[in-house]
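Enquirer: My structure is in final_0.cif, and what it holds is mmCIF, C-alpha atoms:
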data_model
#
loop_
_atom_site.group_PDB
_atom_site.id
_atom_site.type_symbol
_atom_site.label_atom_id
_atom_site.label_comp_id
_atom_site.auth_asym_id
_atom_site.auth_seq_id
_atom_site.Cartn_x
_atom_site.Cartn_y
_atom_site.Cartn_z
ATOM 1 C CA MET A 1 -17.736 28.328 12.099
ATOM 2 C CA ASN A 2 -15.581 31.395 11.926
ATOM 3 C CA ILE A 3 -11.903 31.433 10.953
ATOM 4 C CA LYS A 4 -10.677 31.447 14.576
ATOM 5 C CA GLU A 5 -12.686 28.310 15.315
ATOM 6 C CA VAL A 6 -11.311 26.624 12.201
ATOM 7 C CA GLN A 7 -7.783 27.599 13.207
ATOM 8 C CA SER A 8 -8.354 26.202 16.710
ATOM 9 C CA LEU A 9 -9.157 22.859 15.095
ATOM 10 C CA ILE A 10 -6.364 22.881 12.526
ATOM 11 C CA ASP A 11 -3.452 24.331 14.527
ATOM 12 C CA PRO A 12 -2.927 21.173 16.646
ATOM 13 C CA LEU A 13 -2.801 19.145 13.413
ATOM 14 C CA ILE A 14 0.158 21.043 11.937
ATOM 15 C CA PRO A 15 2.896 18.753 13.377
ATOM 16 C CA LYS A 16 1.289 15.725 11.687
ATOM 17 C CA ALA A 17 0.799 17.720 8.514
ATOM 18 C CA TYR A 18 4.461 18.753 8.608
ATOM 19 C CA LYS A 19 5.675 15.146 8.904
ATOM 20 C CA PHE A 20 3.542 14.310 5.897
ATOM 21 C CA ALA A 21 4.707 17.339 3.907
ATOM 22 C CA TYR A 22 8.350 16.569 4.674
ATOM 23 C CA ALA A 23 7.857 13.021 3.376
ATOM 24 C CA ILE A 24 6.662 14.562 0.110
ATOM 25 C CA VAL A 25 9.341 17.241 -0.189
ATOM 26 C CA PRO A 26 12.478 16.984 1.988
ATOM 27 C CA SER A 27 12.984 20.670 2.599
ATOM 28 C CA ALA A 28 11.793 22.486 5.715
ATOM 29 C CA GLN A 29 10.966 25.607 3.732
ATOM 30 C CA LYS A 30 9.206 23.798 0.885
ATOM 31 C CA ALA A 31 7.269 21.578 3.321
ATOM 32 C CA SER A 32 6.083 24.661 5.211
ATOM 33 C CA GLU A 33 5.087 26.343 1.948
ATOM 34 C CA LEU A 34 3.224 23.218 0.865
ATOM 35 C CA ILE A 35 1.238 23.231 4.116
ATOM 36 C CA ALA A 36 0.423 26.948 3.839
ATOM 37 C CA ASP A 37 -0.654 26.655 0.206
ATOM 38 C CA SER A 38 -2.732 23.545 0.892
ATOM 39 C CA TYR A 39 -4.344 25.199 3.895
ATOM 40 C CA SER A 40 -5.398 28.171 1.755
ATOM 41 C CA VAL A 41 -6.799 25.947 -0.992
ATOM 42 C CA LEU A 42 -8.659 23.804 1.539
ATOM 43 C CA LEU A 43 -10.294 26.859 3.131
ATOM 44 C CA VAL A 44 -11.418 28.156 -0.244
ATOM 45 C CA LYS A 45 -12.736 24.768 -1.387
ATOM 46 C CA GLU A 46 -14.553 24.074 1.867
ATOM 47 C CA LEU A 47 -15.815 27.598 2.538
ATOM 48 C CA ASN A 48 -19.478 26.644 2.182
ATOM 49 C CA PHE A 49 -19.032 23.688 4.540
ATOM 50 C CA ILE A 50 -17.167 25.815 7.069
ATOM 51 C CA GLU A 51 -19.791 28.555 7.026
ATOM 52 C CA ALA A 52 -22.654 26.052 7.324
ATOM 53 C CA THR A 53 -21.099 24.097 10.202
ATOM 54 C CA GLU A 54 -21.691 25.083 13.788
ATOM 55 C CA PHE A 55 -18.648 24.977 16.065
ATOM 56 C CA SER A 56 -19.226 22.473 18.820
ATOM 57 C CA LYS A 57 -17.456 21.836 22.114
ATOM 58 C CA ASN A 58 -18.494 18.188 21.823
ATOM 59 C CA LYS A 59 -15.284 16.120 21.738
ATOM 60 C CA GLN A 60 -16.637 13.593 19.230
ATOM 61 C CA THR A 61 -17.751 16.350 16.852
ATOM 62 C CA GLN A 62 -14.397 18.113 17.164
ATOM 63 C CA LYS A 63 -12.579 14.831 16.518
ATOM 64 C CA SER A 64 -14.623 14.325 13.334
ATOM 65 C CA LEU A 65 -13.943 17.885 12.190
ATOM 66 C CA LYS A 66 -10.205 17.531 12.883
ATOM 67 C CA ARG A 67 -10.162 14.301 10.891
ATOM 68 C CA PHE A 68 -12.002 16.042 8.045
ATOM 69 C CA PHE A 69 -9.544 18.967 8.013
ATOM 70 C CA LEU A 70 -6.427 16.808 8.376
ATOM 71 C CA CYS A 71 -7.455 14.472 5.556
ATOM 72 C CA GLY A 72 -8.421 17.444 3.406
ATOM 73 C CA LEU A 73 -5.138 19.223 4.104
ATOM 74 C CA MET A 74 -3.107 16.132 3.248
ATOM 75 C CA ARG A 75 -5.201 15.462 0.139
ATOM 76 C CA GLU A 76 -4.462 19.008 -1.053
ATOM 77 C CA MET A 77 -0.746 18.513 -0.355
ATOM 78 C CA LEU A 78 -0.726 15.396 -2.528
ATOM 79 C CA ALA A 79 -2.604 17.198 -5.292
ATOM 80 C CA MET A 80 -0.223 20.166 -5.188
ATOM 81 C CA SER A 81 2.841 17.938 -5.164
ATOM 82 C CA SER A 82 1.728 16.319 -8.411
ATOM 83 C CA LYS A 83 1.790 19.787 -9.993
ATOM 84 C CA LYS A 84 5.355 20.532 -8.836
ATOM 85 C CA PRO A 85 7.459 17.498 -9.795
ATOM 86 C CA LEU A 86 10.580 19.486 -10.719
ATOM 87 C CA GLU A 87 10.540 21.417 -7.465
ATOM 88 C CA ILE A 88 10.231 18.193 -5.490
ATOM 89 C CA SER A 89 12.896 16.340 -7.453
ATOM 90 C CA SER A 90 15.380 19.191 -6.940
ATOM 91 C CA CYS A 91 14.897 18.861 -3.160
ATOM 92 C CA VAL A 92 15.106 15.062 -3.290
ATOM 93 C CA ALA A 93 18.461 15.316 -5.083
ATOM 94 C CA LYS A 94 19.929 17.057 -2.017
ATOM 95 C CA VAL A 95 18.866 14.384 0.496
ATOM 96 C CA GLY A 96 21.509 12.833 2.724
ATOM 97 C CA TYR A 97 22.692 9.259 2.308
ATOM 98 C CA GLU A 98 20.574 7.825 5.119
ATOM 99 C CA PHE A 99 17.314 8.953 3.446
ATOM 100 C CA GLN A 100 18.123 8.293 -0.207
ATOM 101 C CA ALA A 101 16.348 4.920 -0.317
ATOM 102 C CA PHE A 102 13.128 6.453 1.019
ATOM 103 C CA TYR A 103 13.188 9.434 -1.332
ATOM 104 C CA LYS A 104 13.794 7.198 -4.354
ATOM 105 C CA LEU A 105 10.227 5.991 -3.883
ATOM 106 C CA SER A 106 7.373 7.732 -5.674
ATOM 107 C CA VAL A 107 5.498 10.489 -3.849
ATOM 108 C CA LEU A 108 2.521 8.153 -3.501
ATOM 109 C CA HIS A 109 4.584 5.350 -1.937
ATOM 110 C CA ARG A 110 6.312 7.785 0.430
ATOM 111 C CA SER A 111 2.965 9.297 1.373
ATOM 112 C CA VAL A 112 1.253 5.987 2.065
ATOM 113 C CA LEU A 113 4.215 4.658 4.079
ATOM 114 C CA THR A 114 4.407 7.857 6.113
ATOM 115 C CA LEU A 115 0.684 7.853 6.819
ATOM 116 C CA LYS A 116 0.736 4.232 7.954
ATOM 117 C CA ASP A 117 4.104 3.824 9.663
ATOM 118 C CA LYS A 118 4.830 7.284 11.027
ATOM 119 C CA LEU A 119 1.372 8.752 11.633
ATOM 120 C CA ASN A 120 -0.425 5.458 12.420
ATOM 121 C CA PHE A 121 -3.301 6.079 10.011
ATOM 122 C CA SER A 122 -5.678 3.214 9.259
ATOM 123 C CA GLU A 123 -6.072 1.958 5.702
ATOM 124 C CA GLU A 124 -9.473 3.677 5.668
ATOM 125 C CA LEU A 125 -7.974 7.080 6.520
ATOM 126 C CA ILE A 126 -5.135 6.571 4.040
ATOM 127 C CA SER A 127 -7.776 5.826 1.437
ATOM 128 C CA GLN A 128 -9.530 9.110 2.254
ATOM 129 C CA VAL A 129 -6.292 11.065 1.899
ATOM 130 C CA THR A 130 -4.972 9.411 -1.255
ATOM 131 C CA GLY A 131 -8.191 8.587 -3.062
ATOM 132 C CA LEU A 132 -7.080 4.963 -3.398
ATOM 133 C CA LYS A 133 -9.361 2.035 -2.632
ATOM 134 C CA LYS A 134 -8.535 0.067 0.507
ATOM 135 C CA HIS A 135 -7.024 -2.871 -1.409
ATOM 136 C CA GLN A 136 -4.894 -0.418 -3.401
ATOM 137 C CA VAL A 137 -3.636 1.100 -0.140
ATOM 138 C CA VAL A 138 -2.603 -2.342 1.114
ATOM 139 C CA GLU A 139 -0.904 -3.057 -2.215
ATOM 140 C CA CYS A 140 0.865 0.317 -2.154
ATOM 141 C CA LEU A 141 2.110 -0.342 1.395
ATOM 142 C CA TYR A 142 3.466 -3.744 0.415
ATOM 143 C CA ASN A 143 5.090 -2.509 -2.789
ATOM 144 C CA GLY A 144 6.493 0.577 -1.061
ATOM 145 C CA ARG A 145 8.121 -1.514 1.655
ATOM 146 C CA GLU A 146 9.528 -3.922 -0.910
ATOM 147 C CA LEU A 147 10.918 -1.068 -3.012
ATOM 148 C CA LEU A 148 12.347 0.540 0.099
ATOM 149 C CA ASN A 149 14.185 -2.678 0.945
ATOM 150 C CA ILE A 150 15.494 -2.966 -2.615
ATOM 151 C CA ASN A 151 16.611 0.687 -2.700
ATOM 152 C CA ASP A 152 18.243 0.330 0.706
ATOM 153 C CA GLN A 153 20.150 -2.772 -0.385
ATOM 154 C CA GLU A 154 21.320 -0.972 -3.538
ATOM 155 C CA GLU A 155 22.571 1.956 -1.441
ATOM 156 C CA VAL A 156 24.476 -0.325 0.929
ATOM 157 C CA GLY A 157 26.051 -2.117 -2.045
ATOM 158 C CA LEU A 158 27.361 1.175 -3.427
ATOM 159 C CA TYR A 159 29.258 1.981 -0.258
ATOM 160 C CA GLU A 160 30.771 -1.430 0.498
#
The structure in this file should be written as structure tokens.

Expert:
Amino acid sequence: MNIKEVQSLIDPLIPKAYKFAYAIVPSAQKASELIADSYSVLLVKELNFIEATEFSKNKQTQKSLKRFFLCGLMREMLAMSSKKPLEISSCVAKVGYEFQAFYKLSVLHRSVLTLKDKLNFSEELISQVTGLKKHQVVECLYNGRELLNINDQEEVGLYE
């Protein structure tokens, strides 16, 4: 595949990638930077695969390639976010009241909840993105929802 063919596969995935990036870092600018940086890293890491793969008009093949690129892009975003905790926490500190409970969760919990509840990913796909085993994904979803409820109740209690 050439770069234009790769871009034709990845460009439609950017809105989903942006929702995911914004769940990691609640800043439009930082989320966009995270996507751009992850995209560059993914292209470099997968260069051999990209060069060896023939572009196909087959819908099933394109769907598989899009899934591969989307999971790879999100996996890179998670990896990069673990290297920038101060940058992320400075953005989280500026979050409005209505999102504070969500952004009190760890990056992993926010990521898993976003993938499942907002992007409708299966546990299998979440596992591919996060590197967790399927039972760990289910556990992370449960714990994330429980923590979200606890954080939300704490927030409400502060303002009563």

Enquirer: So what do you get for atom CA of A:Val44 versus atom CA of A:Leu115, distance-wise?

Expert: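 Distance reported for this atom pair: 24.7 Å.
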
Enquirer: Pick the closest to A:Ala28 from A:Ser106, A:Glu76, A:Val95, A:Val138: which is it, counting all atoms listed in the file?

Expert: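 Closest residue, counting all atoms listed in the file: A:Val95.
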
Enquirer: For stretch 30-149 of chain A against stretch 2-14 of chain A, with a cut-off of 12 Å and counting all atoms listed in the file, what is the closest atom pair and its distance in Å to one decimal for every residue that makes the cut, ordered by chain and number, as CSV?

Expert:
residue,atom,partner,partner_atom,distance
A:Ala31,CA,A:Ile14,CA,11.2
A:Ser32,CA,A:Ile14,CA,9.7
A:Leu34,CA,A:Ile14,CA,11.7
A:Ile35,CA,A:Ile14,CA,8.2
A:Ala36,CA,A:Ile14,CA,10.0
A:Ser38,CA,A:Ile14,CA,11.7
A:Tyr39,CA,A:Ile10,CA,9.2
A:Ser40,CA,A:Gln7,CA,11.7
A:Leu42,CA,A:Ile10,CA,11.3
A:Leu43,CA,A:Val6,CA,9.1
A:Val44,CA,A:Ile3,CA,11.7
A:Glu46,CA,A:Val6,CA,11.1
A:Leu47,CA,A:Ile3,CA,10.0
A:Asn48,CA,A:Asn2,CA,11.5
A:Phe49,CA,A:Asn2,CA,11.2
A:Ile50,CA,A:Asn2,CA,7.6
A:Glu51,CA,A:Asn2,CA,7.1
A:Ala52,CA,A:Asn2,CA,10.0
A:Thr53,CA,A:Asn2,CA,9.3
A:Glu54,CA,A:Asn2,CA,9.0
A:Phe55,CA,A:Glu5,CA,6.9
A:Ser56,CA,A:Glu5,CA,9.4
A:Lys57,CA,A:Glu5,CA,10.5
A:Lys59,CA,A:Leu9,CA,11.3
A:Thr61,CA,A:Leu9,CA,10.9
A:Gln62,CA,A:Leu9,CA,7.4
A:Lys63,CA,A:Leu9,CA,8.8
A:Ser64,CA,A:Leu9,CA,10.3
A:Leu65,CA,A:Leu9,CA,7.5
A:Lys66,CA,A:Leu9,CA,5.9
A:Arg67,CA,A:Leu13,CA,9.2
A:Phe68,CA,A:Ile10,CA,9.9
A:Phe69,CA,A:Ile10,CA,6.8
A:Leu70,CA,A:Leu13,CA,6.6
A:Cys71,CA,A:Leu13,CA,10.3
A:Gly72,CA,A:Ile10,CA,10.8
A:Leu73,CA,A:Ile10,CA,9.3
A:Met74,CA,A:Ile14,CA,10.5
A:Leu119,CA,A:Leu13,CA,11.3

Enquirer: For A:Asn151, which of A:Glu98, A:Glu87, A:Glu123, A:Asp37 is the closest residue, counting all atoms listed in the file?

Expert: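 Selected residue with least distance to A:Asn151: A:Glu98.
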
Enquirer: Could you tell me how far atom CA of A:Val107 sits from atom CA of A:Lys16, in Å to one decimal place?

Expert: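 Calculated distance between atom CA of A:Lys16 and atom CA of A:Val107 is 16.9 Å.
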
Enquirer: Residue by residue, what does the PyMOL selection byres ((chain A and resi 118) around 12) grab here? Present the result as a list in words.

Expert: Pro15, Lys16, Ala17, Tyr18, Lys19, Phe20, Tyr22, Ala23, Arg110, Ser111, Val112, Leu113, Thr114, Leu115, Lys116, Asp117, Leu119, Asn120, Phe121 and Ser122 of chain A

Enquirer: Write out as number ranges by chain which residues come within 7 Å of A:Thr130 when counting all atoms listed in the file, dropping same-chain ones fewer than 3 positions away.

Expert: A: 75, 126-127

Enquirer: Report, in Å to a single decimal, how far apart atom CA of A:Ser82 and atom CA of A:Ile24 are.

Expert: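 If I compute the distance from atom CA of A:Ile24 to atom CA of A:Ser82, I get 10.0 Å.
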
Enquirer: Any chance you could build stretch 89-123 of chain A out to N, CA and C atoms and write it as a PDB file, keeping the file's coordinate frame?

Expert:
ATOM      1  N   SER A  89      11.705  17.123  -7.089  1.00  0.00           N
ATOM      2  CA  SER A  89      12.896  16.340  -7.453  1.00  0.00           C
ATOM      3  C   SER A  89      14.186  17.101  -7.171  1.00  0.00           C
ATOM      4  N   SER A  90      14.170  18.428  -7.261  1.00  0.00           N
ATOM      5  CA  SER A  90      15.380  19.191  -6.940  1.00  0.00           C
ATOM      6  C   SER A  90      15.701  19.097  -5.453  1.00  0.00           C
ATOM      7  N   CYS A  91      14.679  19.021  -4.606  1.00  0.00           N
ATOM      8  CA  CYS A  91      14.897  18.861  -3.160  1.00  0.00           C
ATOM      9  C   CYS A  91      15.337  17.440  -2.834  1.00  0.00           C
ATOM     10  N   VAL A  92      14.767  16.468  -3.520  1.00  0.00           N
ATOM     11  CA  VAL A  92      15.106  15.062  -3.290  1.00  0.00           C
ATOM     12  C   VAL A  92      16.567  14.811  -3.646  1.00  0.00           C
ATOM     13  N   ALA A  93      17.069  15.501  -4.660  1.00  0.00           N
ATOM     14  CA  ALA A  93      18.461  15.316  -5.083  1.00  0.00           C
ATOM     15  C   ALA A  93      19.456  15.720  -4.001  1.00  0.00           C
ATOM     16  N   LYS A  94      19.038  16.553  -3.065  1.00  0.00           N
ATOM     17  CA  LYS A  94      19.929  17.057  -2.017  1.00  0.00           C
ATOM     18  C   LYS A  94      19.847  16.261  -0.711  1.00  0.00           C
ATOM     19  N   VAL A  95      19.098  15.168  -0.721  1.00  0.00           N
ATOM     20  CA  VAL A  95      18.866  14.384   0.496  1.00  0.00           C
ATOM     21  C   VAL A  95      20.138  13.641   0.900  1.00  0.00           C
ATOM     22  N   GLY A  96      20.352  13.545   2.204  1.00  0.00           N
ATOM     23  CA  GLY A  96      21.509  12.833   2.724  1.00  0.00           C
ATOM     24  C   GLY A  96      21.434  11.338   2.468  1.00  0.00           C
ATOM     25  N   TYR A  97      22.561  10.682   2.603  1.00  0.00           N
ATOM     26  CA  TYR A  97      22.692   9.259   2.308  1.00  0.00           C
ATOM     27  C   TYR A  97      21.661   8.402   3.036  1.00  0.00           C
ATOM     28  N   GLU A  98      21.445   8.685   4.316  1.00  0.00           N
ATOM     29  CA  GLU A  98      20.574   7.825   5.119  1.00  0.00           C
ATOM     30  C   GLU A  98      19.116   7.856   4.687  1.00  0.00           C
ATOM     31  N   PHE A  99      18.702   8.852   3.885  1.00  0.00           N
ATOM     32  CA  PHE A  99      17.314   8.953   3.446  1.00  0.00           C
ATOM     33  C   PHE A  99      17.137   8.719   1.948  1.00  0.00           C
ATOM     34  N   GLN A 100      18.213   8.427   1.243  1.00  0.00           N
ATOM     35  CA  GLN A 100      18.123   8.293  -0.207  1.00  0.00           C
ATOM     36  C   GLN A 100      17.187   7.169  -0.636  1.00  0.00           C
ATOM     37  N   ALA A 101      17.214   6.046   0.059  1.00  0.00           N
ATOM     38  CA  ALA A 101      16.348   4.920  -0.317  1.00  0.00           C
ATOM     39  C   ALA A 101      14.875   5.316  -0.226  1.00  0.00           C
ATOM     40  N   PHE A 102      14.518   6.029   0.843  1.00  0.00           N
ATOM     41  CA  PHE A 102      13.128   6.453   1.019  1.00  0.00           C
ATOM     42  C   PHE A 102      12.715   7.438  -0.072  1.00  0.00           C
ATOM     43  N   TYR A 103      13.564   8.397  -0.371  1.00  0.00           N
ATOM     44  CA  TYR A 103      13.188   9.434  -1.332  1.00  0.00           C
ATOM     45  C   TYR A 103      13.331   8.991  -2.786  1.00  0.00           C
ATOM     46  N   LYS A 104      13.827   7.771  -3.010  1.00  0.00           N
ATOM     47  CA  LYS A 104      13.794   7.198  -4.354  1.00  0.00           C
ATOM     48  C   LYS A 104      12.402   6.679  -4.691  1.00  0.00           C
ATOM     49  N   LEU A 105      11.601   6.450  -3.669  1.00  0.00           N
ATOM     50  CA  LEU A 105      10.227   5.991  -3.883  1.00  0.00           C
ATOM     51  C   LEU A 105       9.390   7.109  -4.504  1.00  0.00           C
ATOM     52  N   SER A 106       8.288   6.731  -5.120  1.00  0.00           N
ATOM     53  CA  SER A 106       7.373   7.732  -5.674  1.00  0.00           C
ATOM     54  C   SER A 106       6.726   8.515  -4.532  1.00  0.00           C
ATOM     55  N   VAL A 107       6.181   9.670  -4.850  1.00  0.00           N
ATOM     56  CA  VAL A 107       5.498  10.489  -3.849  1.00  0.00           C
ATOM     57  C   VAL A 107       4.352   9.693  -3.226  1.00  0.00           C
ATOM     58  N   LEU A 108       3.638   8.936  -4.022  1.00  0.00           N
ATOM     59  CA  LEU A 108       2.521   8.153  -3.501  1.00  0.00           C
ATOM     60  C   LEU A 108       3.004   7.103  -2.501  1.00  0.00           C
ATOM     61  N   HIS A 109       4.054   6.361  -2.857  1.00  0.00           N
ATOM     62  CA  HIS A 109       4.584   5.350  -1.937  1.00  0.00           C
ATOM     63  C   HIS A 109       5.090   5.994  -0.643  1.00  0.00           C
ATOM     64  N   ARG A 110       5.821   7.097  -0.775  1.00  0.00           N
ATOM     65  CA  ARG A 110       6.312   7.785   0.430  1.00  0.00           C
ATOM     66  C   ARG A 110       5.153   8.266   1.297  1.00  0.00           C
ATOM     67  N   SER A 111       4.123   8.782   0.640  1.00  0.00           N
ATOM     68  CA  SER A 111       2.965   9.297   1.373  1.00  0.00           C
ATOM     69  C   SER A 111       2.250   8.181   2.122  1.00  0.00           C
ATOM     70  N   VAL A 112       1.975   7.096   1.440  1.00  0.00           N
ATOM     71  CA  VAL A 112       1.253   5.987   2.065  1.00  0.00           C
ATOM     72  C   VAL A 112       2.068   5.394   3.213  1.00  0.00           C
ATOM     73  N   LEU A 113       3.367   5.198   3.009  1.00  0.00           N
ATOM     74  CA  LEU A 113       4.215   4.658   4.079  1.00  0.00           C
ATOM     75  C   LEU A 113       4.274   5.601   5.274  1.00  0.00           C
ATOM     76  N   THR A 114       4.366   6.884   5.022  1.00  0.00           N
ATOM     77  CA  THR A 114       4.407   7.857   6.113  1.00  0.00           C
ATOM     78  C   THR A 114       3.094   7.863   6.888  1.00  0.00           C
ATOM     79  N   LEU A 115       1.989   7.851   6.161  1.00  0.00           N
ATOM     80  CA  LEU A 115       0.684   7.853   6.819  1.00  0.00           C
ATOM     81  C   LEU A 115       0.506   6.617   7.701  1.00  0.00           C
ATOM     82  N   LYS A 116       0.932   5.475   7.203  1.00  0.00           N
ATOM     83  CA  LYS A 116       0.736   4.232   7.954  1.00  0.00           C
ATOM     84  C   LYS A 116       1.771   4.059   9.068  1.00  0.00           C
ATOM     85  N   ASP A 117       3.043   4.187   8.725  1.00  0.00           N
ATOM     86  CA  ASP A 117       4.104   3.824   9.663  1.00  0.00           C
ATOM     87  C   ASP A 117       4.509   4.941  10.616  1.00  0.00           C
ATOM     88  N   LYS A 118       4.399   6.174  10.175  1.00  0.00           N
ATOM     89  CA  LYS A 118       4.830   7.284  11.027  1.00  0.00           C
ATOM     90  C   LYS A 118       3.660   7.971  11.739  1.00  0.00           C
ATOM     91  N   LEU A 119       2.524   8.058  11.060  1.00  0.00           N
ATOM     92  CA  LEU A 119       1.372   8.752  11.633  1.00  0.00           C
ATOM     93  C   LEU A 119       0.283   7.802  12.121  1.00  0.00           C
ATOM     94  N   ASN A 120       0.500   6.493  11.930  1.00  0.00           N
ATOM     95  CA  ASN A 120      -0.425   5.458  12.420  1.00  0.00           C
ATOM     96  C   ASN A 120      -1.849   5.599  11.886  1.00  0.00           C
ATOM     97  N   PHE A 121      -1.981   5.984  10.626  1.00  0.00           N
ATOM     98  CA  PHE A 121      -3.301   6.079  10.011  1.00  0.00           C
ATOM     99  C   PHE A 121      -3.783   4.677   9.655  1.00  0.00           C
ATOM    100  N   SER A 122      -5.088   4.474   9.703  1.00  0.00           N
ATOM    101  CA  SER A 122      -5.678   3.214   9.259  1.00  0.00           C
ATOM    102  C   SER A 122      -5.721   3.213   7.728  1.00  0.00           C
ATOM    103  N   GLU A 123      -5.949   2.037   7.161  1.00  0.00           N
ATOM    104  CA  GLU A 123      -6.072   1.958   5.702  1.00  0.00           C
ATOM    105  C   GLU A 123      -7.250   2.804   5.220  1.00  0.00           C
TER     106      GLU A 123
END
